[in-house]
Structures are given as C-alpha cells and as structure tokens.
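Enquirer: Provided herewith: entry_22.cif, mmCIF, C-alpha atoms and all ligand atoms.
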data_run
#
loop_
_atom_site.label_atom_id
_atom_site.label_comp_id
_atom_site.auth_asym_id
_atom_site.auth_seq_id
_atom_site.Cartn_x
_atom_site.Cartn_y
_atom_site.Cartn_z
CA MET A 1 7.17 25.45 7.94
CA GLN A 2 3.57 25.80 6.91
CA GLU A 3 0.20 25.71 8.59
CA ASN A 4 -2.08 22.95 7.39
CA ASP A 5 -4.74 20.46 8.42
CA GLN A 6 -2.64 18.65 11.01
CA SER A 7 -4.33 15.33 10.41
CA VAL A 8 -3.15 15.02 6.81
CA LEU A 9 -0.05 12.85 6.40
CA VAL A 10 0.22 12.23 2.66
CA GLU A 11 -1.50 13.78 -0.30
CA ILE A 12 -0.94 12.29 -3.74
CA LYS A 13 -2.07 14.38 -6.68
CA GLY A 14 -2.08 13.31 -10.30
CA LEU A 15 0.74 10.80 -9.87
CA ARG A 16 1.91 9.13 -13.07
CA THR A 17 4.66 6.51 -13.11
CA TYR A 18 5.44 4.97 -16.48
CA PHE A 19 7.79 2.28 -17.72
CA HIS A 20 9.28 3.07 -21.09
CA LEU A 21 9.95 -0.25 -22.79
CA ALA A 22 10.89 -1.14 -26.35
CA GLU A 23 7.38 -2.61 -26.77
CA GLY A 24 5.72 0.60 -25.66
CA THR A 25 4.93 2.57 -22.55
CA VAL A 26 3.38 0.84 -19.52
CA ARG A 27 1.28 3.38 -17.64
CA ALA A 28 1.60 1.56 -14.32
CA VAL A 29 0.32 4.55 -12.34
CA ASP A 30 -1.78 6.85 -14.46
CA GLY A 31 -3.18 9.71 -12.45
CA VAL A 32 -3.49 8.58 -8.82
CA ASP A 33 -5.13 10.95 -6.36
CA MET A 34 -5.19 9.86 -2.73
CA THR A 35 -5.12 11.33 0.77
CA MET A 36 -3.91 9.67 3.96
CA HIS A 37 -4.34 10.89 7.51
CA ARG A 38 -2.16 10.37 10.55
CA LYS A 39 -2.73 7.07 12.38
CA GLU A 40 -5.29 5.82 9.87
CA THR A 41 -5.21 2.50 8.07
CA LEU A 42 -5.86 3.00 4.40
CA GLY A 43 -6.47 -0.17 2.43
CA ILE A 44 -5.47 -0.19 -1.23
CA VAL A 45 -7.33 -2.81 -3.21
CA GLY A 46 -7.55 -3.77 -6.87
CA GLU A 47 -6.79 -6.57 -9.31
CA SER A 48 -3.28 -7.72 -10.10
CA GLY A 49 -1.39 -5.21 -12.21
CA CYS A 50 -3.52 -2.16 -11.36
CA GLY A 51 -0.52 -0.27 -9.98
CA LYS A 52 -0.72 -0.82 -6.22
CA SER A 53 2.93 -1.74 -5.73
CA ILE A 54 4.25 0.83 -8.18
CA SER A 55 2.29 3.55 -6.34
CA ALA A 56 4.02 2.47 -3.13
CA TYR A 57 7.43 2.25 -4.81
CA SER A 58 6.85 5.74 -6.18
CA MET A 59 6.25 7.07 -2.66
CA MET A 60 9.45 5.42 -1.44
CA ARG A 61 11.26 6.61 -4.61
CA LEU A 62 12.32 3.05 -5.32
CA VAL A 63 11.07 2.88 -8.92
CA GLN A 64 14.01 1.74 -11.05
CA PRO A 65 14.62 2.70 -14.69
CA PRO A 66 13.07 2.31 -17.22
CA GLY A 67 10.37 3.29 -14.73
CA LYS A 68 10.02 6.98 -14.01
CA ILE A 69 7.67 9.35 -12.21
CA GLU A 70 6.33 11.38 -15.11
CA ALA A 71 4.05 13.80 -13.32
CA GLY A 72 2.26 14.58 -10.10
CA ASP A 73 3.00 15.35 -6.49
CA ILE A 74 3.46 13.19 -3.41
CA LEU A 75 3.20 15.61 -0.53
CA PHE A 76 4.50 14.24 2.75
CA TYR A 77 3.63 16.26 5.84
CA LYS A 78 6.76 15.80 7.90
CA THR A 79 6.74 16.54 11.63
CA PRO A 80 9.74 16.05 13.94
CA LYS A 81 10.32 12.43 14.99
CA ASP A 82 10.82 13.45 18.62
CA GLY A 83 7.29 14.89 18.71
CA SER A 84 8.66 18.31 19.68
CA SER A 85 6.21 20.00 17.30
CA THR A 86 3.04 19.24 15.39
CA GLN A 87 3.92 21.84 12.78
CA SER A 88 4.70 20.08 9.57
CA GLU A 89 7.08 20.73 6.74
CA ILE A 90 5.64 19.69 3.38
CA VAL A 91 8.09 17.60 1.39
CA ASN A 92 7.22 16.72 -2.21
CA LEU A 93 8.62 13.21 -2.45
CA ALA A 94 7.98 13.10 -6.20
CA LYS A 95 10.46 15.93 -6.72
CA LEU A 96 13.31 14.63 -4.57
CA ASP A 97 16.53 13.22 -5.98
CA PRO A 98 15.93 9.45 -5.58
CA LYS A 99 19.54 9.01 -4.43
CA GLY A 100 19.71 12.18 -2.34
CA GLN A 101 20.08 12.73 1.39
CA GLU A 102 16.51 13.94 1.89
CA ILE A 103 14.77 10.78 0.69
CA ARG A 104 17.31 8.63 2.54
CA ASN A 105 16.37 10.44 5.74
CA ILE A 106 12.68 9.72 5.07
CA ARG A 107 12.88 6.17 3.72
CA GLY A 108 13.15 3.63 6.52
CA ASN A 109 12.81 6.40 9.08
CA TYR A 110 9.57 8.30 8.42
CA ILE A 111 8.16 5.86 5.87
CA SER A 112 8.91 2.14 5.97
CA MET A 113 7.74 -0.62 3.75
CA VAL A 114 7.08 -4.32 4.20
CA PHE A 115 7.45 -5.81 0.75
CA GLN A 116 5.30 -8.28 -1.14
CA GLU A 117 8.06 -10.91 -1.23
CA PRO A 118 9.24 -11.48 2.34
CA MET A 119 12.40 -13.28 1.22
CA THR A 120 13.64 -10.36 -0.84
CA ALA A 121 13.38 -8.02 2.14
CA MET A 122 16.25 -9.66 3.99
CA SER A 123 19.68 -10.63 2.85
CA PRO A 124 20.21 -14.39 3.29
CA VAL A 125 23.88 -14.00 4.23
CA ARG A 126 23.53 -11.68 7.23
CA THR A 127 21.86 -12.28 10.56
CA VAL A 128 18.46 -10.88 11.38
CA GLY A 129 20.02 -8.70 14.06
CA GLU A 130 22.71 -7.23 11.80
CA GLN A 131 20.07 -6.18 9.30
CA ILE A 132 17.75 -4.54 11.80
CA MET A 133 20.68 -2.84 13.57
CA GLU A 134 21.87 -1.39 10.29
CA ALA A 135 18.61 0.55 9.84
CA ILE A 136 18.72 1.75 13.45
CA ILE A 137 22.32 2.97 13.25
CA LEU A 138 21.61 4.71 9.95
CA HIS A 139 18.81 6.85 11.39
CA GLN A 140 19.42 7.10 15.12
CA LYS A 141 22.36 8.40 17.09
CA VAL A 142 23.09 5.23 19.03
CA THR A 143 26.03 2.94 19.64
CA LYS A 144 26.19 -0.59 18.28
CA ALA A 145 25.39 -2.01 21.71
CA GLU A 146 22.36 0.26 22.04
CA ALA A 147 21.20 -0.69 18.54
CA ARG A 148 21.37 -4.34 19.53
CA GLU A 149 19.25 -3.64 22.61
CA ILE A 150 16.67 -1.79 20.49
CA THR A 151 16.69 -4.70 18.02
CA ILE A 152 16.00 -7.28 20.72
CA ASP A 153 13.29 -5.05 22.18
CA MET A 154 11.72 -4.67 18.72
CA LEU A 155 11.83 -8.44 18.12
CA SER A 156 9.99 -8.99 21.38
CA ARG A 157 7.45 -6.31 20.48
CA VAL A 158 6.58 -8.25 17.33
CA ARG A 159 6.02 -11.20 19.72
CA MET A 160 9.00 -13.15 18.43
CA SER A 161 9.67 -16.01 20.78
CA ASN A 162 13.24 -16.07 22.10
CA PRO A 163 14.42 -12.73 20.63
CA GLN A 164 17.81 -13.11 22.35
CA LYS A 165 18.51 -16.06 20.08
CA VAL A 166 16.71 -14.90 16.93
CA VAL A 167 18.84 -11.75 16.81
CA ASP A 168 21.81 -13.93 15.82
CA ASP A 169 19.86 -16.24 13.50
CA TYR A 170 19.98 -16.09 9.72
CA PRO A 171 16.66 -15.50 7.91
CA PHE A 172 16.59 -19.07 6.53
CA GLN A 173 16.54 -20.39 10.10
CA LEU A 174 13.12 -18.80 10.65
CA SER A 175 9.70 -20.02 9.54
CA GLY A 176 7.70 -17.88 7.11
CA GLY A 177 5.63 -16.33 9.88
CA MET A 178 8.68 -15.58 12.03
CA ARG A 179 10.51 -14.13 9.08
CA GLN A 180 7.60 -11.80 8.41
CA ARG A 181 7.66 -10.75 12.07
CA ALA A 182 11.38 -9.98 11.69
CA VAL A 183 10.68 -7.93 8.56
CA ILE A 184 7.99 -5.99 10.43
CA ALA A 185 10.40 -5.45 13.34
CA MET A 186 12.93 -4.07 10.87
CA ALA A 187 10.32 -1.77 9.29
CA LEU A 188 9.21 -0.47 12.69
CA SER A 189 12.67 -0.16 14.25
CA CYS A 190 12.79 3.58 13.64
CA ARG A 191 9.13 4.17 14.58
CA PRO A 192 7.96 5.44 11.20
CA HIS A 193 4.99 7.76 10.82
CA LEU A 194 3.82 5.65 7.88
CA LEU A 195 4.15 1.93 7.29
CA ILE A 196 3.41 0.66 3.80
CA ALA A 197 2.53 -3.04 3.90
CA ASP A 198 2.41 -4.55 0.41
CA GLU A 199 0.54 -7.88 0.62
CA PRO A 200 2.59 -8.82 3.69
CA THR A 201 0.71 -12.05 4.33
CA THR A 202 0.23 -13.61 0.89
CA ALA A 203 2.97 -16.20 1.46
CA LEU A 204 1.51 -17.30 4.80
CA ASP A 205 -1.15 -19.81 5.82
CA VAL A 206 -4.43 -18.39 7.15
CA THR A 207 -3.66 -18.90 10.84
CA THR A 208 -0.30 -17.19 10.59
CA GLU A 209 -1.88 -14.50 8.43
CA ALA A 210 -4.45 -13.79 11.15
CA GLN A 211 -1.66 -13.53 13.73
CA ILE A 212 0.31 -11.08 11.59
CA LEU A 213 -2.79 -8.96 10.93
CA ASN A 214 -3.56 -8.80 14.66
CA LEU A 215 0.04 -7.96 15.40
CA MET A 216 0.07 -5.07 12.91
CA ARG A 217 -3.09 -3.65 14.45
CA GLU A 218 -1.67 -3.83 17.97
CA LEU A 219 1.60 -2.24 16.89
CA GLN A 220 -0.25 0.51 15.11
CA ASP A 221 -2.01 1.42 18.36
CA GLU A 222 1.24 1.24 20.26
CA PHE A 223 3.26 3.32 17.79
CA GLY A 224 0.50 5.63 16.56
CA MET A 225 1.53 5.24 12.94
CA ALA A 226 -0.52 5.25 9.76
CA ILE A 227 -0.61 2.07 7.68
CA MET A 228 -1.11 1.81 3.96
CA TYR A 229 -2.26 -1.76 3.54
CA ILE A 230 -2.07 -3.13 0.00
CA THR A 231 -4.00 -6.28 -0.85
CA HIS A 232 -6.31 -7.84 -3.41
CA ASN A 233 -8.25 -9.49 -0.60
CA MET A 234 -11.50 -7.75 0.36
CA GLY A 235 -11.73 -9.87 3.51
CA VAL A 236 -8.42 -8.49 4.74
CA ILE A 237 -9.61 -4.98 3.86
CA ALA A 238 -12.70 -5.50 6.03
CA GLU A 239 -10.48 -6.67 8.86
CA MET A 240 -7.75 -4.04 8.68
CA ALA A 241 -8.79 -0.81 7.01
CA GLU A 242 -10.66 2.27 8.17
CA ASN A 243 -10.60 3.84 4.75
CA VAL A 244 -10.21 2.20 1.37
CA ALA A 245 -8.91 3.27 -2.03
CA VAL A 246 -9.97 1.05 -4.91
CA MET A 247 -7.56 1.06 -7.85
CA TYR A 248 -8.19 0.17 -11.45
CA MET A 249 -5.63 0.50 -14.24
CA GLY A 250 -3.30 2.89 -12.51
CA ARG A 251 -5.93 5.07 -10.92
CA VAL A 252 -7.97 5.36 -7.76
CA VAL A 253 -11.59 4.93 -8.86
CA GLU A 254 -13.19 5.16 -5.41
CA GLN A 255 -12.04 6.25 -1.94
CA THR A 256 -14.16 6.21 1.19
CA ASP A 257 -14.53 4.58 4.63
CA VAL A 258 -14.60 0.81 4.88
CA LYS A 259 -18.30 0.64 5.79
CA SER A 260 -19.31 2.58 2.69
CA ILE A 261 -17.13 0.38 0.48
CA PHE A 262 -19.02 -2.70 1.62
CA PHE A 263 -22.52 -1.27 2.08
CA ASN A 264 -22.63 1.56 -0.42
CA PRO A 265 -20.09 0.85 -3.17
CA GLN A 266 -20.60 3.37 -5.93
CA HIS A 267 -18.13 2.61 -8.68
CA PRO A 268 -19.32 -0.28 -10.87
CA TYR A 269 -15.82 -1.76 -10.58
CA THR A 270 -16.04 -1.80 -6.76
CA GLN A 271 -19.49 -3.36 -7.03
CA GLY A 272 -18.04 -6.05 -9.30
CA LEU A 273 -15.14 -6.74 -6.94
CA LEU A 274 -17.56 -7.26 -4.05
CA GLN A 275 -19.80 -9.58 -6.07
CA SER A 276 -16.82 -11.75 -6.90
CA ILE A 277 -16.17 -12.61 -3.23
CA PRO A 278 -17.40 -16.14 -2.51
CA GLN A 279 -20.06 -16.09 0.18
CA LEU A 280 -19.27 -18.59 2.89
CA ARG A 281 -22.99 -18.68 3.61
CA ASP A 282 -23.71 -19.92 0.08
CA ALA A 283 -20.98 -22.53 0.25
CA VAL A 284 -22.33 -23.87 3.53
CA ALA A 285 -26.01 -23.79 2.57
CA LYS A 286 -25.71 -26.32 -0.21
CA THR A 287 -29.37 -25.85 -1.13
CA GLU A 288 -28.62 -22.94 -3.36
CA HIS A 289 -25.58 -23.01 -5.61
CA ARG A 290 -24.96 -19.42 -6.46
CA ARG A 291 -22.46 -19.07 -9.24
CA LEU A 292 -19.51 -16.96 -8.39
CA GLU A 293 -19.91 -13.68 -10.21
CA THR A 294 -16.85 -12.53 -12.02
CA ILE A 295 -16.23 -9.21 -13.64
CA LYS A 296 -16.63 -9.82 -17.34
CA GLY A 297 -13.68 -9.26 -19.61
CA MET A 298 -10.07 -8.82 -18.68
CA VAL A 299 -7.85 -5.96 -17.73
CA PRO A 300 -6.79 -4.47 -21.09
CA ASP A 301 -3.14 -4.87 -22.02
CA PRO A 302 -0.98 -2.37 -20.18
CA TYR A 303 0.38 -0.68 -23.33
CA SER A 304 -2.95 0.53 -24.62
CA ARG A 305 -4.68 3.60 -23.34
CA LEU A 306 -8.42 3.64 -23.76
CA LYS A 307 -10.40 6.70 -24.60
CA GLY A 308 -12.81 7.72 -21.86
CA CYS A 309 -13.08 5.64 -18.69
CA PRO A 310 -10.56 2.76 -18.61
CA TYR A 311 -13.26 0.50 -17.14
CA HIS A 312 -15.86 1.10 -19.85
CA PRO A 313 -15.34 -2.12 -21.88
CA ARG A 314 -16.16 -4.20 -18.79
CA CYS A 315 -18.72 -1.92 -17.18
CA PRO A 316 -22.34 -3.14 -16.90
CA LYS A 317 -23.53 0.47 -16.51
CA PHE A 318 -21.65 1.78 -19.54
CA ILE A 319 -23.20 4.89 -21.13
CA SER A 320 -22.42 4.92 -24.84
CA GLY A 321 -21.01 8.16 -26.16
CA VAL A 322 -20.01 9.28 -22.66
CA CYS A 323 -17.97 6.56 -20.95
CA ASP A 324 -16.07 5.68 -24.14
CA GLU A 325 -15.41 9.33 -24.99
CA VAL A 326 -14.83 11.39 -21.87
CA ASP A 327 -12.39 10.82 -19.03
CA PRO A 328 -14.57 10.71 -15.87
CA PRO A 329 -13.92 13.37 -13.24
CA VAL A 330 -13.48 12.66 -9.53
CA VAL A 331 -16.88 13.34 -7.92
CA ARG A 332 -17.47 13.88 -4.19
CA THR A 333 -20.77 12.10 -3.49
CA ASP A 334 -20.53 12.52 0.28
CA ASP A 335 -18.20 14.13 2.84
CA ASN A 336 -15.88 11.19 2.76
CA HIS A 337 -16.77 9.50 -0.51
CA LEU A 338 -14.95 10.12 -3.77
CA VAL A 339 -15.77 8.25 -6.95
CA ARG A 340 -14.38 8.61 -10.44
CA CYS A 341 -17.38 7.74 -12.58
CA HIS A 342 -19.76 9.44 -15.03
CA LEU A 343 -22.81 7.97 -13.27
CA TYR A 344 -22.33 10.51 -10.50
CA ALA A 345 -21.05 13.49 -12.45
N1 LIG B 1 9.83 -3.21 -13.80
C1 LIG B 1 8.75 -3.13 -14.58
N2 LIG B 1 8.85 -3.03 -15.91
C2 LIG B 1 7.76 -2.94 -16.70
N3 LIG B 1 6.49 -2.94 -16.25
C3 LIG B 1 6.32 -3.05 -14.94
C4 LIG B 1 7.41 -3.15 -14.02
N4 LIG B 1 6.91 -3.23 -12.78
C5 LIG B 1 5.59 -3.20 -12.90
N5 LIG B 1 5.21 -3.07 -14.20
C6 LIG B 1 3.84 -3.00 -14.72
O1 LIG B 1 3.16 -1.98 -14.04
C7 LIG B 1 1.80 -2.34 -13.82
C8 LIG B 1 1.46 -2.18 -12.36
O2 LIG B 1 2.21 -3.11 -11.62
P1 LIG B 1 2.12 -3.26 -10.04
O3 LIG B 1 3.23 -4.14 -9.64
O4 LIG B 1 2.05 -1.93 -9.39
O5 LIG B 1 0.71 -4.01 -9.87
P2 LIG B 1 -0.01 -4.47 -8.54
O6 LIG B 1 -1.32 -3.78 -8.47
O7 LIG B 1 0.92 -4.32 -7.38
O8 LIG B 1 -0.30 -6.02 -8.85
P3 LIG B 1 -0.20 -7.32 -7.90
O9 LIG B 1 -1.52 -7.40 -7.17
O10 LIG B 1 -0.04 -8.45 -8.86
O11 LIG B 1 0.97 -7.16 -6.99
C9 LIG B 1 1.65 -3.74 -14.36
O12 LIG B 1 1.10 -3.67 -15.66
C10 LIG B 1 3.06 -4.26 -14.41
O13 LIG B 1 3.22 -5.21 -15.42
MG MG B 2 1.91 -5.65 -6.16
#
Take the structure in this file and express it as structure tokens.
Ligand SMILES: Nc1ncnc2c1ncn2[C@@H]1O[C@H](COP(=O)(O)OP(=O)(O)OP(=O)(O)O)[C@@H](O)[C@H]1O
Ligand SMILES: [Mg+2]
Expert:
Amino acid sequence: MQENDQSVLVEIKGLRTYFHLAEGTVRAVDGVDMTMHRKETLGIVGESGCGKSISAYSMMRLVQPPGKIEAGDILFYKTPKDGSSTQSEIVNLAKLDPKGQEIRNIRGNYISMVFQEPMTAMSPVRTVGEQIMEAIILHQKVTKAEAREITIDMLSRVRMSNPQKVVDDYPFQLSGGMRQRAVIAMALSCRPHLLIADEPTTALDVTTEAQILNLMRELQDEFGMAIMYITHNMGVIAEMAENVAVMYMGRVVEQTDVKSIFFNPQHPYTQGLLQSIPQLRDAVAKTEHRRLETIKGMVPDPYSRLKGCPYHPRCPKFISGVCDEVDPPVVRTDDNHLVRCHLYA
C-alpha cells in the first residue's frame, strides 16, 4: 500500500503498443501519456487509426499478437471494491501477465469496457441473462439465483423495458439500442471503478444515441465511476466529457478540460479538428456558404515514422528546421492544460 493523490485513478506513461507485421511495424500507440481521475469522464478524440482503441485494449491487456506492449507503464490505483479503504495499491497493468489471475480480477471487475462493435460483445448463442450472470459469478461470491436477481436489477437500471423477459432473450431478439443497453448492463454488473466506452453509439440512430449518452451519465452519477469515452465526434465530447485527450498518430497531443478544448485549443491539430465540424448555424443561414474546412493532407501510412513532430507535414504553423527535426516535448501551458507542440516550448 502506498500514499498518493487519492483522486488519481489511472496514470499512463510512455505507453507504446506495436504490431509487428511482415510488412513492417505498426506503431499503433507510440508514447501515450495520460492521467485519469476518479469519477471523471475523460473523452478520447482523434481521427480513425490514431490508436484510441489500441490504447484501451492495452489497458485491458486484450492486445493480441502480433501486437505487443513494447514500453511504458499503465498505473492503476486500486482501492477495495467494498469501499473499506481509500488507500490504494498501485498495479502496473502494463507489466501483468495478460493471462494471469491479477488482470482477470481487474478486467470486468475494476475496469470494464463497452466495445466499438456491439454485436461482438455478446455471444449470439447464449441468452442475455446467462452472459451477464457469468461476469457476476466470476467476480462476486453469489449463488446463481442471486446473480440472476442482480442481472434483472441491472437490466432495469439501464432502463430496459421488461427486464424479467429480456433476461431470457437472445441478443438477436433485441433492437440495436436495447442490445447496447444490455452490453452496458453487463459492463456495469460488477460496479467497476472505470468504464471504457469505445464509440458505444456509432451503430445507433441519433435519438437512440442521445438516450444511451444520457443513460451513461446518469449511471455514472449513481455508481460514482470514471468513464473513458472514446469517439471521433466532437459533439459527443462536448456533451459527455469533463476532460479531453486529443490523440494523433499514437500519441496524446493535448489534454485539458472540455471548455479549454473548445474555447482555447492550443495544438494546431486540435484547432483543425474543431474547424472541420460543420456549423449548424451556417447550414441553416443559407446566405453564407462557408466551405467545410478540412485538415489538409492525410494521416501518414502507419509503417513510417516521421522525424520530429508526426503532425508537421499537415501543420499550418509548421516551423522549418524545428518541427521536422525535433520531437516536441509535452508542455504545461496552464494548471490543467498539456500540449505536445513546439509552439509552446
Ligand atoms: N490487429 C492489428 N494488426 C495490425 N495493425 C493494427 C491492428 N489493430 C489495429 N492496428 C493498427 O493500429 C492503429 C491504431 O488502431 P486503432 O484501432 O487503435 O485506431 P482508432 O483510433 O481506434 O481508430 P477508429 O476511430 O477507426 O476506431 C491503426 O493504424 C490500425 O491499423
Ligand atoms: Mg477504434
């Protein structure tokens, strides 16, 4: 047991997760630094392929070969589930045996994940109830009958209509929105300290998406858990997150509170992301047709590793001889504002 800042829940330092393929090495996560606090909602945002999911998989130790955590630490500040103490034990998830007892006690119990593809989260051949009960029995000392009661209670907490029936339904009998509620119920069944939600609403229509977002916020208050919310949608970030980490090519390039991300974005990449959001105002006021700004260029191919800042070929504020030569350091520009950019160094 160690003394520490009791509000810190996860600290990721220098995390690198690579895939070693015949074609070359994909540096999916290439030096991620990130801090999460208890009960906070941290939004992770960035273009497709920037390493959001692989960062989450690394935390859960679910990266499969040829993927491998090459370096770095994922410190999880573990406190007893029964709340008997606020003293935490620091567990370095990056160093655990991915098949060992310790990670199995954490995964699904302390840290749960709602995956990007809702259909892959549940087996099609077993009932919703069987699958949720399995997680409960694995981590809690309860009988099968008690696990069933907890499952029905959890289904009603995610506002599933008719939980008594749904518990015996198969996933294919549920609509997309209901299925996602069931997946959330499964993830929350052991009352985790951290829920990782990886684009949990991409497969849903906007109305259902809004319902699921509201539901997650309510449940977070009720359960007092932290949420890592992964998305490429800045609108969802504005809705859900208190703090935001912006990722680009396997790294966090900016981390701060949600207000600062929208009103004082510092990294040129974050600025570009915000400019590429269509303004409803402009669409409605047909008088002025503002062209949708896009960030020029494309994400470089994942096998190459650029010298200097990985964003420099696309950056409008590129400083020749600096940005293409030197890896930018992480700079603290304010109490709660970190940016990885030469402009601020
Ligand atoms: N199993 C794998 N084998 C090889 N490369 C992979 C594998 N999984 C992911 N990658 C690569 O790792 C990089 C990061 O992928 P990741 O899935 O984390 O992106 P992401 O930010 O979650 O994107 P999206 O928004 O599309 O979900 C990508 O270049 C991807 O192609
Ligand atoms: Mg992803």
Enquirer: Quick check, in Å to one decimal: how far apart do CA of Thr25 (chain A) and CA of Pro310 (chain A) lie?
Expert: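 CA of Thr25 (chain A) sits 16.0 Å away from CA of Pro310 (chain A).
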Enquirer: Could you please give me, as a ChimeraX atom specification, the residues of protein, DNA or RNA lying at most 12 Å from (21.9, -19.7, 10.3) in the coordinate frame of the file, considering only C-alpha atoms?
Expert: /A:123-129,165-174
Enquirer: Neighbouring residues of Asp198 (chain A) were defined as those with any atom within 7 Å, considering only C-alpha atoms; residues of the same chain fewer than 4 positions away were excluded. Please report them as a list of chain:residue names.
Expert: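 Counting only the stated atoms, we get A:Ser53, A:Val114, A:Phe115, A:Gln116, A:Tyr229, A:Ile230, A:Thr231.
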Enquirer: Neighbours of ligand MG 2 (chain B) within 10 Å, counting all atoms listed in the file, as a list in words?
Expert: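 Checked against 10 Å with all atoms listed in the file; the hits are Gly46, Glu47, Ser48, Gly49, Cys50, Gly51, Lys52, Ser53, Ile54, Ser55, Ala56, Tyr57, Phe115, Gln116, Glu117, Asp198, Glu199, Ile230, Thr231 and His232 of chain A.
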Enquirer: Let me make sure I understand: among A:Ile90, A:Ala121, A:Ile44, A:Met216, which one has the smallest atom-to-atom distance to Val258 (chain A) if we use all atoms listed in the file?
Expert: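 So, comparing all the options, the nearest one is A:Ile44.
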Enquirer: Set the distance at 12 Å and use only C-alpha atoms: which residues neighbour Thr208 (chain A) once local chain neighbours fewer than 6 positions away are removed? I'd like the list as number ranges by chain.
Expert: A: 175-181, 200-202, 214-215
Enquirer: Can you report as JSON the centre and edge lengths in Å, to one decimal, of an axis-aligned box around the listed atoms of region 86-96 of chain A padded with 8 Å on each side?
Expert:
{"center_x": 8.2, "center_y": 17.5, "center_z": 4.3, "size_x": 26.3, "size_y": 24.7, "size_z": 38.1}
Enquirer: Considering only C-alpha atoms and all ligand atoms, state which residue in the set A:Val142, A:Ala28, A:Val63, A:Ile74 is at the smallest distance from ligand LIG 1 (chain B).
Expert: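 Closest to ligand LIG 1 (chain B) of all the choices is A:Ala28.
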Enquirer: Taking all atoms listed in the file into account, name the residue in A:Thr17, A:Asn264, A:Ala345, A:Gln6 that is nearest to Ser85 (chain A).
Expert: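 Nearest to Ser85 (chain A): A:Gln6.
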Enquirer: Could you name the residues that touch Lys68 (chain A) at 12 Å or less, counting only C-alpha atoms, but leaving out those on the same chain fewer than 5 positions away, as a ChimeraX atom specification?
Expert: /A:15-21,25-30,54-55,57-59,61-63,94-95,98
Enquirer: Find the residue from A:Leu195, A:Leu274, A:Val158, A:Gln64 that sits nearest to ligand LIG 1 (chain B); use all atoms listed in the file when measuring.
Expert: A:Gln64
